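**Student:** Structure file input-v3.pdb, PDB, C-alpha atoms, is pasted below:
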```pdb
ATOM      1  CA  MET A  60     -41.655  60.599-209.616
ATOM      2  CA  SER A  61     -44.620  59.168-211.509
ATOM      3  CA  VAL A  62     -45.691  62.625-212.689
ATOM      4  CA  SER A  63     -42.162  63.364-213.824
ATOM      5  CA  MET A  64     -42.025  60.076-215.724
ATOM      6  CA  ALA A  65     -45.380  60.837-217.354
ATOM      7  CA  ASP A  66     -44.113  64.256-218.431
ATOM      8  CA  ARG A  67     -41.006  62.686-219.919
ATOM      9  CA  ALA A  68     -43.100  60.142-221.777
ATOM     10  CA  VAL A  69     -45.247  62.899-223.303
ATOM     11  CA  ALA A  70     -42.153  64.841-224.366
ATOM     12  CA  ALA A  71     -40.637  61.707-225.905
ATOM     13  CA  GLY A  72     -43.883  61.009-227.752
ATOM     14  CA  PHE A  73     -43.913  64.479-229.288
ATOM     15  CA  THR A  74     -40.273  64.196-230.323
ATOM     16  CA  ALA A  75     -40.969  60.858-231.969
ATOM     17  CA  GLY A  76     -44.062  62.297-233.657
ATOM     18  CA  TRP A  77     -42.127  65.086-235.324
ATOM     19  CA  LYS A  78     -39.493  62.618-236.501
ATOM     20  CA  LEU A  79     -41.615  59.667-237.621
ATOM     21  CA  VAL A  80     -45.075  60.868-238.703
ATOM     22  CA  PRO A  81     -43.842  62.810-241.779
ATOM     23  CA  LEU A  82     -42.018  59.693-242.976
ATOM     24  CA  LEU A  83     -45.144  57.519-243.067
ATOM     25  CA  PRO A  84     -48.114  57.596-245.480
ATOM     26  CA  HIS A  85     -50.600  60.313-244.584
ATOM     27  CA  LYS A  86     -53.654  58.043-244.783
ATOM     28  CA  LEU A  87     -52.009  55.460-242.515
ATOM     29  CA  THR A  88     -51.054  57.934-239.806
ATOM     30  CA  GLY A  89     -54.365  59.764-240.103
ATOM     31  CA  ARG A  90     -56.239  56.528-239.511
ATOM     32  CA  GLY A  91     -54.008  55.796-236.552
ATOM     33  CA  PHE A  92     -54.795  59.153-234.949
ATOM     34  CA  ASP A  93     -58.537  58.585-235.514
ATOM     35  CA  LEU A  94     -58.315  55.218-233.783
ATOM     36  CA  ALA A  95     -56.383  56.742-230.895
ATOM     37  CA  ALA A  96     -58.990  59.489-230.567
ATOM     38  CA  ASP A  97     -61.812  56.939-230.515
ATOM     39  CA  ARG A  98     -60.048  54.935-227.831
ATOM     40  CA  VAL A  99     -59.627  57.987-225.607
ATOM     41  CA  TRP A 100     -63.241  58.986-226.241
ATOM     42  CA  ARG A 101     -64.553  55.546-225.266
ATOM     43  CA  GLY A 102     -62.515  55.694-222.065
ATOM     44  CA  ARG A 103     -64.551  58.711-220.890
ATOM     45  CA  GLY A 104     -61.733  60.175-218.846
ATOM     46  CA  PRO A 105     -61.888  63.630-217.228
ATOM     47  CA  SER A 106     -60.880  65.456-220.424
ATOM     48  CA  VAL A 107     -63.596  63.790-222.478
ATOM     49  CA  ARG A 108     -66.227  64.494-219.851
ATOM     50  CA  ARG A 109     -65.118  68.120-219.655
ATOM     51  CA  LEU A 110     -65.270  68.441-223.440
ATOM     52  CA  GLU A 111     -68.826  67.100-223.407
ATOM     53  CA  ALA A 112     -69.838  69.485-220.629
ATOM     54  CA  ASN A 113     -68.419  72.420-222.590
ATOM     55  CA  LEU A 114     -70.072  71.313-225.824
ATOM     56  CA  GLN A 115     -73.390  70.808-224.058
ATOM     57  CA  ARG A 116     -73.268  74.406-222.862
ATOM     58  CA  VAL A 117     -72.491  75.629-226.380
ATOM     59  CA  THR A 118     -75.001  73.515-228.312
ATOM     60  CA  GLY A 119     -77.684  72.431-225.845
ATOM     61  CA  LEU A 120     -77.347  68.855-227.117
ATOM     62  CA  GLU A 121     -77.801  65.884-224.813
ATOM     63  CA  GLY A 122     -77.626  62.096-224.876
ATOM     64  CA  GLU A 123     -76.445  60.337-228.017
ATOM     65  CA  GLN A 124     -76.272  63.552-230.049
ATOM     66  CA  LEU A 125     -73.880  65.062-227.528
ATOM     67  CA  ARG A 126     -71.828  61.863-227.405
ATOM     68  CA  GLU A 127     -71.502  61.800-231.187
ATOM     69  CA  LEU A 128     -70.430  65.450-231.205
ATOM     70  CA  SER A 129     -67.797  64.778-228.547
ATOM     71  CA  ARG A 130     -66.493  61.830-230.585
ATOM     72  CA  ARG A 131     -66.037  64.080-233.584
ATOM     73  CA  GLY A 132     -64.510  66.645-231.267
ATOM     74  CA  MET A 133     -61.864  64.210-230.060
ATOM     75  CA  ARG A 134     -61.073  63.217-233.636
ATOM     76  CA  SER A 135     -60.688  66.899-234.497
ATOM     77  CA  TYR A 136     -58.413  67.391-231.485
ATOM     78  CA  PHE A 137     -56.213  64.470-232.484
ATOM     79  CA  ARG A 138     -56.197  65.706-236.100
ATOM     80  CA  TYR A 139     -54.650  68.928-234.813
ATOM     81  CA  PHE A 140     -51.679  67.003-233.382
ATOM     82  CA  HIS A 141     -51.405  64.823-236.486
ATOM     83  CA  GLU A 142     -51.072  67.960-238.582
ATOM     84  CA  VAL A 143     -48.659  69.581-236.138
ATOM     85  CA  PHE A 144     -46.259  66.701-236.693
ATOM     86  CA  ARG A 145     -46.564  67.085-240.485
ATOM     87  CA  LEU A 146     -46.517  70.875-240.804
ATOM     88  CA  PRO A 147     -42.716  71.316-240.677
ATOM     89  CA  LYS A 148     -42.361  69.142-243.793
ATOM     90  CA  MET A 149     -45.237  70.712-245.746
ATOM     91  CA  ARG A 150     -44.582  73.164-248.549
ATOM     92  CA  SER A 151     -45.667  76.702-247.809
ATOM     93  CA  ASP A 152     -47.431  77.064-251.154
ATOM     94  CA  GLU A 153     -49.499  73.940-250.422
ATOM     95  CA  ILE A 154     -50.568  75.327-247.050
ATOM     96  CA  VAL A 155     -51.629  78.606-248.656
ATOM     97  CA  ARG A 156     -53.413  76.866-251.529
ATOM     98  CA  ARG A 157     -55.410  74.568-249.252
ATOM     99  CA  THR A 158     -56.480  77.292-246.819
ATOM    100  CA  HIS A 159     -59.914  78.680-247.688
ATOM    101  CA  VAL A 160     -59.927  82.190-246.279
ATOM    102  CA  THR A 161     -62.845  84.553-245.787
ATOM    103  CA  GLY A 162     -62.043  88.123-244.842
ATOM    104  CA  GLY A 163     -58.287  87.995-245.344
ATOM    105  CA  HIS A 164     -58.413  91.548-246.688
ATOM    106  CA  HIS A 165     -59.059  92.777-243.141
ATOM    107  CA  ILE A 166     -55.484  91.781-242.328
ATOM    108  CA  PHE A 167     -53.790  92.863-245.517
ATOM    109  CA  ASP A 168     -55.585  96.194-245.969
ATOM    110  CA  THR A 169     -54.861  97.168-242.376
ATOM    111  CA  LEU A 170     -51.173  96.332-242.681
ATOM    112  CA  ASP A 171     -50.953  98.165-245.993
ATOM    113  CA  SER A 172     -52.293 101.263-244.224
ATOM    114  CA  GLY A 173     -49.425 101.126-241.743
ATOM    115  CA  ARG A 174     -51.417  99.991-238.710
ATOM    116  CA  GLY A 175     -50.561  96.950-236.684
ATOM    117  CA  VAL A 176     -52.880  93.967-236.333
ATOM    118  CA  VAL A 177     -53.768  91.898-233.280
ATOM    119  CA  LEU A 178     -55.305  88.587-234.356
ATOM    120  CA  ALA A 179     -57.256  86.966-231.518
ATOM    121  CA  LEU A 180     -58.517  83.422-231.812
ATOM    122  CA  PRO A 181     -60.117  80.694-229.721
ATOM    123  CA  HIS A 182     -58.694  77.177-229.497
ATOM    124  CA  ILE A 183     -60.483  75.965-232.596
ATOM    125  CA  GLY A 184     -59.276  74.064-235.656
ATOM    126  CA  ASN A 185     -55.523  74.194-236.253
ATOM    127  CA  TRP A 186     -54.215  77.558-235.096
ATOM    128  CA  ASP A 187     -50.620  76.600-235.947
ATOM    129  CA  GLN A 188     -51.666  75.873-239.529
ATOM    130  CA  ALA A 189     -53.455  79.221-239.667
ATOM    131  CA  GLY A 190     -50.216  80.831-238.553
ATOM    132  CA  ALA A 191     -48.319  78.954-241.263
ATOM    133  CA  TRP A 192     -50.838  80.298-243.810
ATOM    134  CA  LEU A 193     -50.199  83.871-242.670
ATOM    135  CA  ILE A 194     -46.444  83.380-242.861
ATOM    136  CA  GLY A 195     -46.810  81.787-246.282
ATOM    137  CA  SER A 196     -48.801  84.846-247.331
ATOM    138  CA  GLY A 197     -45.809  87.034-246.505
ATOM    139  CA  HIS A 198     -46.492  88.189-242.958
ATOM    140  CA  ARG A 199     -44.507  86.977-239.982
ATOM    141  CA  PHE A 200     -45.931  87.570-236.535
ATOM    142  CA  THR A 201     -45.297  87.408-232.810
ATOM    143  CA  THR A 202     -47.181  85.129-230.444
ATOM    144  CA  VAL A 203     -46.958  83.759-226.907
ATOM    145  CA  ALA A 204     -46.698  80.158-225.719
ATOM    146  CA  GLU A 205     -47.933  78.524-222.552
ATOM    147  CA  ARG A 206     -45.098  77.189-220.397
ATOM    148  CA  LEU A 207     -45.605  73.466-220.935
ATOM    149  CA  LYS A 208     -44.153  70.758-218.701
ATOM    150  CA  PRO A 209     -41.572  69.382-218.880
ATOM    151  CA  GLU A 210     -39.351  72.235-220.025
ATOM    152  CA  SER A 211     -38.012  70.089-222.853
ATOM    153  CA  LEU A 212     -41.524  69.854-224.358
ATOM    154  CA  TYR A 213     -41.937  73.634-224.127
ATOM    155  CA  ARG A 214     -38.605  74.142-225.891
ATOM    156  CA  ARG A 215     -39.491  71.596-228.581
ATOM    157  CA  TYR A 216     -42.894  73.177-229.208
ATOM    158  CA  THR A 217     -41.297  76.613-229.347
ATOM    159  CA  ALA A 218     -38.719  75.350-231.841
ATOM    160  CA  PHE A 219     -41.527  73.886-233.972
ATOM    161  CA  ARG A 220     -43.319  77.240-234.133
ATOM    162  CA  GLU A 221     -40.150  79.214-234.699
ATOM    163  CA  GLY A 222     -39.329  76.795-237.508
ATOM    164  CA  LEU A 223     -42.580  77.806-239.186
ATOM    165  CA  GLY A 224     -41.482  81.452-238.979
ATOM    166  CA  MET A 225     -43.193  82.688-235.808
ATOM    167  CA  GLU A 226     -41.589  84.814-233.109
ATOM    168  CA  VAL A 227     -42.548  83.048-229.865
ATOM    169  CA  LEU A 228     -42.502  84.704-226.443
ATOM    170  CA  PRO A 229     -43.128  82.852-223.161
ATOM    171  CA  LEU A 230     -46.440  83.551-221.446
ATOM    172  CA  THR A 231     -44.701  83.212-218.084
ATOM    173  CA  GLY A 232     -41.166  82.740-216.863
ATOM    174  CA  GLY A 233     -39.493  85.049-219.384
ATOM    175  CA  ASP A 234     -37.789  88.391-218.857
ATOM    176  CA  GLY A 235     -41.031  90.056-217.764
ATOM    177  CA  HIS A 236     -41.262  92.150-220.926
ATOM    178  CA  THR A 237     -43.654  90.029-222.968
ATOM    179  CA  ILE A 238     -46.562  92.506-223.057
ATOM    180  CA  GLY A 239     -44.150  95.357-223.803
ATOM    181  CA  THR A 240     -42.634  93.440-226.697
ATOM    182  CA  LEU A 241     -46.082  92.644-228.096
ATOM    183  CA  ALA A 242     -47.072  96.311-227.833
ATOM    184  CA  SER A 243     -43.873  97.353-229.606
ATOM    185  CA  ARG A 244     -44.551  94.955-232.481
ATOM    186  CA  ALA A 245     -48.130  96.233-232.826
ATOM    187  CA  ARG A 246     -47.140  99.915-232.698
ATOM    188  CA  ARG A 247     -44.585  99.351-235.462
ATOM    189  CA  GLY A 248     -47.227  97.996-237.815
ATOM    190  CA  GLY A 249     -46.569  94.312-237.207
ATOM    191  CA  VAL A 250     -48.826  91.369-236.458
ATOM    192  CA  VAL A 251     -49.485  89.822-233.068
ATOM    193  CA  CYS A 252     -51.471  86.564-232.756
ATOM    194  CA  LEU A 253     -52.925  85.557-229.394
ATOM    195  CA  PRO A 254     -55.238  82.839-228.037
ATOM    196  CA  ALA A 255     -58.092  84.679-226.411
ATOM    197  CA  GLU A 256     -60.879  82.627-224.833
ATOM    198  CA  ARG A 257     -59.139  80.930-221.883
ATOM    199  CA  ASP A 258     -57.294  82.890-219.217
ATOM    200  CA  LEU A 259     -54.104  81.242-217.960
ATOM    201  CA  THR A 260     -53.148  84.102-215.638
ATOM    202  CA  LYS A 261     -54.777  85.780-212.657
ATOM    203  CA  ASN A 262     -55.365  88.994-214.602
ATOM    204  CA  GLY A 263     -58.218  87.962-216.893
ATOM    205  CA  ILE A 264     -61.226  90.052-217.897
ATOM    206  CA  GLU A 265     -64.654  88.830-216.809
ATOM    207  CA  VAL A 266     -67.078  88.348-219.710
ATOM    208  CA  GLN A 267     -70.336  86.614-220.519
ATOM    209  CA  PHE A 268     -69.639  83.706-222.869
ATOM    210  CA  PHE A 269     -72.545  81.571-224.073
ATOM    211  CA  GLY A 270     -74.623  83.047-221.270
ATOM    212  CA  HIS A 271     -72.238  82.233-218.417
ATOM    213  CA  THR A 272     -69.357  84.025-216.718
ATOM    214  CA  THR A 273     -65.748  83.270-217.577
ATOM    215  CA  LYS A 274     -62.464  85.135-217.706
ATOM    216  CA  VAL A 275     -60.487  85.753-220.876
ATOM    217  CA  PRO A 276     -56.946  87.060-221.381
ATOM    218  CA  ALA A 277     -56.669  90.832-221.180
ATOM    219  CA  GLY A 278     -53.856  90.960-223.748
ATOM    220  CA  PRO A 279     -55.731  91.255-227.077
ATOM    221  CA  ALA A 280     -58.144  93.962-225.906
ATOM    222  CA  LEU A 281     -55.428  95.775-223.953
ATOM    223  CA  LEU A 282     -53.113  95.900-226.963
ATOM    224  CA  ALA A 283     -55.888  97.304-229.147
ATOM    225  CA  VAL A 284     -56.685 100.003-226.574
ATOM    226  CA  GLN A 285     -53.066 100.924-225.858
ATOM    227  CA  THR A 286     -51.475 100.746-229.306
ATOM    228  CA  GLY A 287     -54.226 101.599-231.791
ATOM    229  CA  ALA A 288     -53.679  98.302-233.602
ATOM    230  CA  ALA A 289     -56.720  96.691-235.221
ATOM    231  CA  LEU A 290     -58.135  93.814-233.184
ATOM    232  CA  LEU A 291     -59.354  91.154-235.634
ATOM    233  CA  PRO A 292     -61.079  87.934-234.519
ATOM    234  CA  ALA A 293     -59.719  84.884-236.359
ATOM    235  CA  LEU A 294     -61.593  81.574-236.528
ATOM    236  CA  PRO A 295     -59.737  78.572-237.993
ATOM    237  CA  TYR A 296     -61.663  75.360-238.630
ATOM    238  CA  PHE A 297     -61.287  72.119-240.567
ATOM    239  CA  HIS A 298     -62.668  72.263-244.111
ATOM    240  CA  GLY A 299     -62.798  68.643-245.291
ATOM    241  CA  ASP A 300     -59.175  67.596-245.761
ATOM    242  CA  ASP A 301     -58.226  71.269-246.070
ATOM    243  CA  TRP A 302     -58.587  74.215-243.699
ATOM    244  CA  GLY A 303     -60.953  77.134-243.382
ATOM    245  CA  LEU A 304     -60.177  80.495-241.836
ATOM    246  CA  ILE A 305     -62.542  83.391-241.141
ATOM    247  CA  ILE A 306     -61.124  86.828-240.367
ATOM    248  CA  ASP A 307     -63.852  89.041-238.953
ATOM    249  CA  PRO A 308     -63.944  92.842-239.157
ATOM    250  CA  GLU A 309     -62.139  94.931-236.572
ATOM    251  CA  ILE A 310     -63.524  95.133-233.051
ATOM    252  CA  PRO A 311     -63.734  98.915-232.516
ATOM    253  CA  VAL A 312     -62.332 100.530-229.378
ATOM    254  CA  PRO A 313     -64.892 102.840-227.698
ATOM    255  CA  GLU A 314     -64.029 106.530-227.721
ATOM    256  CA  GLU A 315     -65.403 107.143-224.226
ATOM    257  CA  GLY A 316     -64.569 105.555-220.896
ATOM    258  CA  THR A 317     -61.557 104.653-218.815
ATOM    259  CA  ARG A 318     -58.942 102.257-220.114
ATOM    260  CA  GLN A 319     -60.361  99.515-217.907
ATOM    261  CA  GLU A 320     -63.880 100.122-219.215
ATOM    262  CA  LYS A 321     -62.675 100.094-222.813
ATOM    263  CA  VAL A 322     -60.745  96.858-222.357
ATOM    264  CA  ALA A 323     -63.750  95.166-220.738
ATOM    265  CA  LEU A 324     -66.123  96.209-223.524
ATOM    266  CA  VAL A 325     -63.714  95.180-226.292
ATOM    267  CA  ALA A 326     -63.160  91.794-224.637
ATOM    268  CA  GLN A 327     -66.914  91.212-224.426
ATOM    269  CA  ARG A 328     -67.429  92.116-228.085
ATOM    270  CA  LEU A 329     -64.575  89.799-229.048
ATOM    271  CA  VAL A 330     -66.049  86.736-227.346
ATOM    272  CA  GLU A 331     -69.426  87.461-228.932
ATOM    273  CA  VAL A 332     -67.747  86.955-232.313
ATOM    274  CA  PHE A 333     -66.141  83.781-230.979
ATOM    275  CA  GLU A 334     -69.560  82.507-229.939
ATOM    276  CA  LYS A 335     -70.777  82.479-233.525
ATOM    277  CA  GLY A 336     -67.658  80.787-234.877
ATOM    278  CA  ILE A 337     -67.683  78.101-232.200
ATOM    279  CA  ALA A 338     -71.424  77.515-232.607
ATOM    280  CA  ASP A 339     -70.886  77.047-236.355
ATOM    281  CA  HIS A 340     -68.019  74.549-235.838
ATOM    282  CA  PRO A 341     -68.434  73.073-232.335
ATOM    283  CA  GLU A 342     -66.665  69.820-233.211
ATOM    284  CA  ASP A 343     -63.470  71.795-233.905
ATOM    285  CA  TRP A 344     -63.464  73.650-230.580
ATOM    286  CA  HIS A 345     -60.717  71.993-228.544
ATOM    287  CA  MET A 346     -61.717  73.026-225.038
ATOM    288  CA  LEU A 347     -60.977  70.082-222.778
ATOM    289  CA  GLN A 348     -60.439  72.240-219.697
ATOM    290  CA  ARG A 349     -62.648  74.003-217.185
ATOM    291  CA  LEU A 350     -63.671  77.344-218.660
ATOM    292  CA  TRP A 351     -66.629  78.886-216.820
ATOM    293  CA  THR A 352     -66.528  80.034-213.209
ATOM    294  CA  ASP A 353     -69.650  78.044-212.265
ATOM    295  CA  GLN A 354     -68.313  74.687-213.482
TER     296      GLN A 354
END
```
Before anything else, please render the file you have as structure tokens.

**Tutor:**
Amino acid sequence: MSVSMADRAVAAGFTAGWKLVPLLPHKLTGRGFDLAADRVWRGRGPSVRRLEANLQRVTGLEGEQLRELSRRGMRSYFRYFHEVFRLPKMRSDEIVRRTHVTGGHHIFDTLDSGRGVVLALPHIGNWDQAGAWLIGSGHRFTTVAERLKPESLYRRYTAFREGLGMEVLPLTGGDGHTIGTLASRARRGGVVCLPAERDLTKNGIEVQFFGHTTKVPAGPALLAVQTGAALLPALPYFHGDDWGLIIDPEIPVPEEGTRQEKVALVAQRLVEVFEKGIADHPEDWHMLQRLWTDQ
């Protein structure tokens, strides 16, 4: 019962956030989220300790330097939710104007050629804002969503993303055709956006990530191999009060090898691009969960 009550409380908090935060001054609510982040950070709960362990592996920092980085990391994480509550009320042209993009032509040139695009990104910066930028730039896309608990929170989060213009498919618990639908969108010259550095299924691909073994979702690499769509790494990050977004060149699919071998090699090359982006902006990497197999 206590878990169920906790889930309901979280869902109610999100509902209130979407209703109330846009009505209040931005500086006031932003300060409130910073204070909440600092309080959670000082509490040193399991999520904070896991974040520090992950950041230590990425940066090699220890002691007070690591603690300061994790504090900024928690503030970045809470900033993500602050912005999520405000995004539905933000003007599309403002989102586009305040997004500082490097490499956007990799998306637009590929789509203009008639090929589909698979954008793969780690949990860094504000990925929902990056999606809003793409939609504001004239390109809707299809994505998947983790099945959050309770179901009401999953439905509310899905409605939030659909309200921004995304097509959202369930990662699990749907009609069983999610990967087929994604492949269809890619083959038809559309855009698919997928989180790609944490496997939430039992079908992940083993890779070396910052020198240690982990598993990543097979979907992005598999779609590139099967459909011929261009796999483009995307790296959102916070750029002052605005947002930055780096779109890297296409990860090529090898001409030789079995499908399994091709998928494994593409997945490894993808996370190597992620490594650089995360190392450049570690405070914006929101990985508060166990990631590596030896943790």

**Student:** Written as a ChimeraX atom specification, which residues does the PyMOL selection byres ((chain A and resi 166) around 12) give for the file shown?

**Tutor:** /A:160-165,167-179,193,196-198,200,248-252,288-293,305-309

**Student:** Hey, what's within 10 Å of stretch 153-159 of chain A if we count only C-alpha atoms and toss same-chain stuff fewer than 2 positions away? As a list in words, please?

**Tutor:** Leu146, Met149, Arg150, Ser151, Thr161, Gly163, Gln188, Ala189, Ala191, Trp192, Leu193, Ile194, Gly195, Ser196, Pro295, Tyr296, Phe297, His298, Asp300, Asp301, Trp302, Gly303, Leu304 and Ile305 of chain A

**Student:** Could you take the residues named above and write them with C-alpha atoms, as a JSON list (two decimals), in the coordinates of the input?

**Tutor:**
```
[["chain", "number", "residue", "atom", "x", "y", "z"],
["A", 146, "LEU", "CA", -46.52, 70.88, -240.80],
["A", 149, "MET", "CA", -45.24, 70.71, -245.75],
["A", 150, "ARG", "CA", -44.58, 73.16, -248.55],
["A", 151, "SER", "CA", -45.67, 76.70, -247.81],
["A", 161, "THR", "CA", -62.84, 84.55, -245.79],
["A", 163, "GLY", "CA", -58.29, 88.00, -245.34],
["A", 188, "GLN", "CA", -51.67, 75.87, -239.53],
["A", 189, "ALA", "CA", -53.46, 79.22, -239.67],
["A", 191, "ALA", "CA", -48.32, 78.95, -241.26],
["A", 192, "TRP", "CA", -50.84, 80.30, -243.81],
["A", 193, "LEU", "CA", -50.20, 83.87, -242.67],
["A", 194, "ILE", "CA", -46.44, 83.38, -242.86],
["A", 195, "GLY", "CA", -46.81, 81.79, -246.28],
["A", 196, "SER", "CA", -48.80, 84.85, -247.33],
["A", 295, "PRO", "CA", -59.74, 78.57, -237.99],
["A", 296, "TYR", "CA", -61.66, 75.36, -238.63],
["A", 297, "PHE", "CA", -61.29, 72.12, -240.57],
["A", 298, "HIS", "CA", -62.67, 72.26, -244.11],
["A", 300, "ASP", "CA", -59.18, 67.60, -245.76],
["A", 301, "ASP", "CA", -58.23, 71.27, -246.07],
["A", 302, "TRP", "CA", -58.59, 74.22, -243.70],
["A", 303, "GLY", "CA", -60.95, 77.13, -243.38],
["A", 304, "LEU", "CA", -60.18, 80.50, -241.84],
["A", 305, "ILE", "CA", -62.54, 83.39, -241.14]]
```

**Student:** Using the chain letters and numbering of this document, enumerate as an MDAnalysis selection string the residues selected by the PyMOL selection byres ((chain A and resi 256) around 7).

**Tutor:** chainID A and resid 181 254:255 257:258 275:276

**Student:** Output as AutoDock Vina command-line options the centre and edge lengths (Å, one decimal) of the box along x, y and z of the file that holds every listed atom of stretch 166-183 of chain A after adding 6 Å on each side.

**Tutor:**
```
--center_x -55.0 --center_y 88.6 --center_z -237.7 --size_x 23.1 --size_y 37.3 --size_z 28.5
```

**Student:** When you look at A:Leu212 with a cut-off of 10 Å (counting all atoms listed in the file), what residues show up, excluding the ones that are within fewer than 2 positions of it in the same chain? I need them as a ChimeraX atom specification.

**Tutor:** /A:66-67,69-74,206-210,214-218

**Student:** When you draw a straight line from atom CA of A:Leu324 to atom CA of A:Asp353, how long is it in Å?

**Tutor:**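 Computing the Euclidean distance for atom CA of A:Leu324 and atom CA of A:Asp353 yields 21.7 Å.
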
**Student:** Using all atoms listed in the file, find the one residue out of A:Arg349, A:Thr286, A:Asp97, A:Pro341 that sits nearest to A:Leu128.

**Tutor:**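 Once distances to A:Leu128 are computed over all atoms listed in the file, the minimum belongs to A:Pro341.
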
**Student:** Using all atoms listed in the file for the distances, tell me which of A:Ala75, A:Leu87, A:Val99, A:Ala204 is nearest to A:Phe144.

**Tutor:**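 So, comparing all the options, the nearest one is A:Ala75.
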
**Student:** I need the residue set behind the PyMOL selection byres ((chain A and resi 93) around 12) for this file; please write it as a list in words.

**Tutor:**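 For this structure, the PyMOL selection byres ((chain A and resi 93) around 12) resolves to Lys86, Leu87, Thr88, Gly89, Arg90, Gly91, Phe92, Leu94, Ala95, Ala96, Asp97, Arg98, Val99, Trp100, Arg130, Arg131, Gly132, Met133, Arg134, Ser135, Tyr136, Phe137, Arg138, Tyr139, Phe140 and His141 of chain A.
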
**Student:** When you draw a straight line from atom CA of A:Asp152 to atom CA of A:Thr202, how long is it in Å?

**Tutor:** 22.2 Å

**Student:** Have a look at A:Thr317, A:Gln327, A:Ser211, A:Thr237 and name the one nearest to A:Glu265; count all atoms listed in the file.

**Tutor:**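 Closest candidate: A:Gln327.
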
**Student:** Can stretch 117-131 of chain A be brought up to N, CA and C atoms and written out as an mmCIF file, in the coordinates of the input?

**Tutor:**
```cif
data_model
loop_
_atom_site.group_PDB
_atom_site.id
_atom_site.type_symbol
_atom_site.label_atom_id
_atom_site.label_comp_id
_atom_site.auth_asym_id
_atom_site.auth_seq_id
_atom_site.Cartn_x
_atom_site.Cartn_y
_atom_site.Cartn_z
ATOM 1 N N VAL A 117 -72.522 74.886 -225.117
ATOM 2 C CA VAL A 117 -72.491 75.629 -226.380
ATOM 3 C C VAL A 117 -73.670 75.268 -227.280
ATOM 4 N N THR A 118 -74.020 73.984 -227.326
ATOM 5 C CA THR A 118 -75.001 73.515 -228.312
ATOM 6 C C THR A 118 -76.362 73.179 -227.740
ATOM 7 N N GLY A 119 -76.429 72.883 -226.444
ATOM 8 C CA GLY A 119 -77.684 72.431 -225.845
ATOM 9 C C GLY A 119 -77.995 70.982 -226.118
ATOM 10 N N LEU A 120 -77.107 70.265 -226.803
ATOM 11 C CA LEU A 120 -77.347 68.855 -227.117
ATOM 12 C C LEU A 120 -77.216 67.992 -225.864
ATOM 13 N N GLU A 121 -77.869 66.838 -225.907
ATOM 14 C CA GLU A 121 -77.801 65.884 -224.813
ATOM 15 C C GLU A 121 -77.765 64.463 -225.379
ATOM 16 N N GLY A 122 -77.529 63.497 -224.506
ATOM 17 C CA GLY A 122 -77.626 62.096 -224.876
ATOM 18 C C GLY A 122 -76.715 61.699 -226.020
ATOM 19 N N GLU A 123 -77.247 60.881 -226.923
ATOM 20 C CA GLU A 123 -76.445 60.337 -228.017
ATOM 21 C C GLU A 123 -75.949 61.412 -228.977
ATOM 22 N N GLN A 124 -76.735 62.470 -229.172
ATOM 23 C CA GLN A 124 -76.272 63.552 -230.049
ATOM 24 C C GLN A 124 -75.034 64.230 -229.476
ATOM 25 N N LEU A 125 -75.038 64.447 -228.174
ATOM 26 C CA LEU A 125 -73.880 65.062 -227.528
ATOM 27 C C LEU A 125 -72.683 64.125 -227.584
ATOM 28 N N ARG A 126 -72.921 62.828 -227.358
ATOM 29 C CA ARG A 126 -71.828 61.863 -227.405
ATOM 30 C C ARG A 126 -71.199 61.798 -228.798
ATOM 31 N N GLU A 127 -72.032 61.835 -229.828
ATOM 32 C CA GLU A 127 -71.502 61.800 -231.187
ATOM 33 C C GLU A 127 -70.694 63.058 -231.482
ATOM 34 N N LEU A 128 -71.170 64.206 -231.001
ATOM 35 C CA LEU A 128 -70.430 65.450 -231.205
ATOM 36 C C LEU A 128 -69.085 65.391 -230.485
ATOM 37 N N SER A 129 -69.063 64.855 -229.274
ATOM 38 C CA SER A 129 -67.797 64.778 -228.547
ATOM 39 C C SER A 129 -66.836 63.795 -229.217
ATOM 40 N N ARG A 130 -67.360 62.749 -229.842
ATOM 41 C CA ARG A 130 -66.493 61.830 -230.585
ATOM 42 C C ARG A 130 -65.825 62.546 -231.750
ATOM 43 N N ARG A 131 -66.622 63.301 -232.488
ATOM 44 C CA ARG A 131 -66.037 64.080 -233.584
ATOM 45 C C ARG A 131 -65.080 65.133 -233.050
#
```
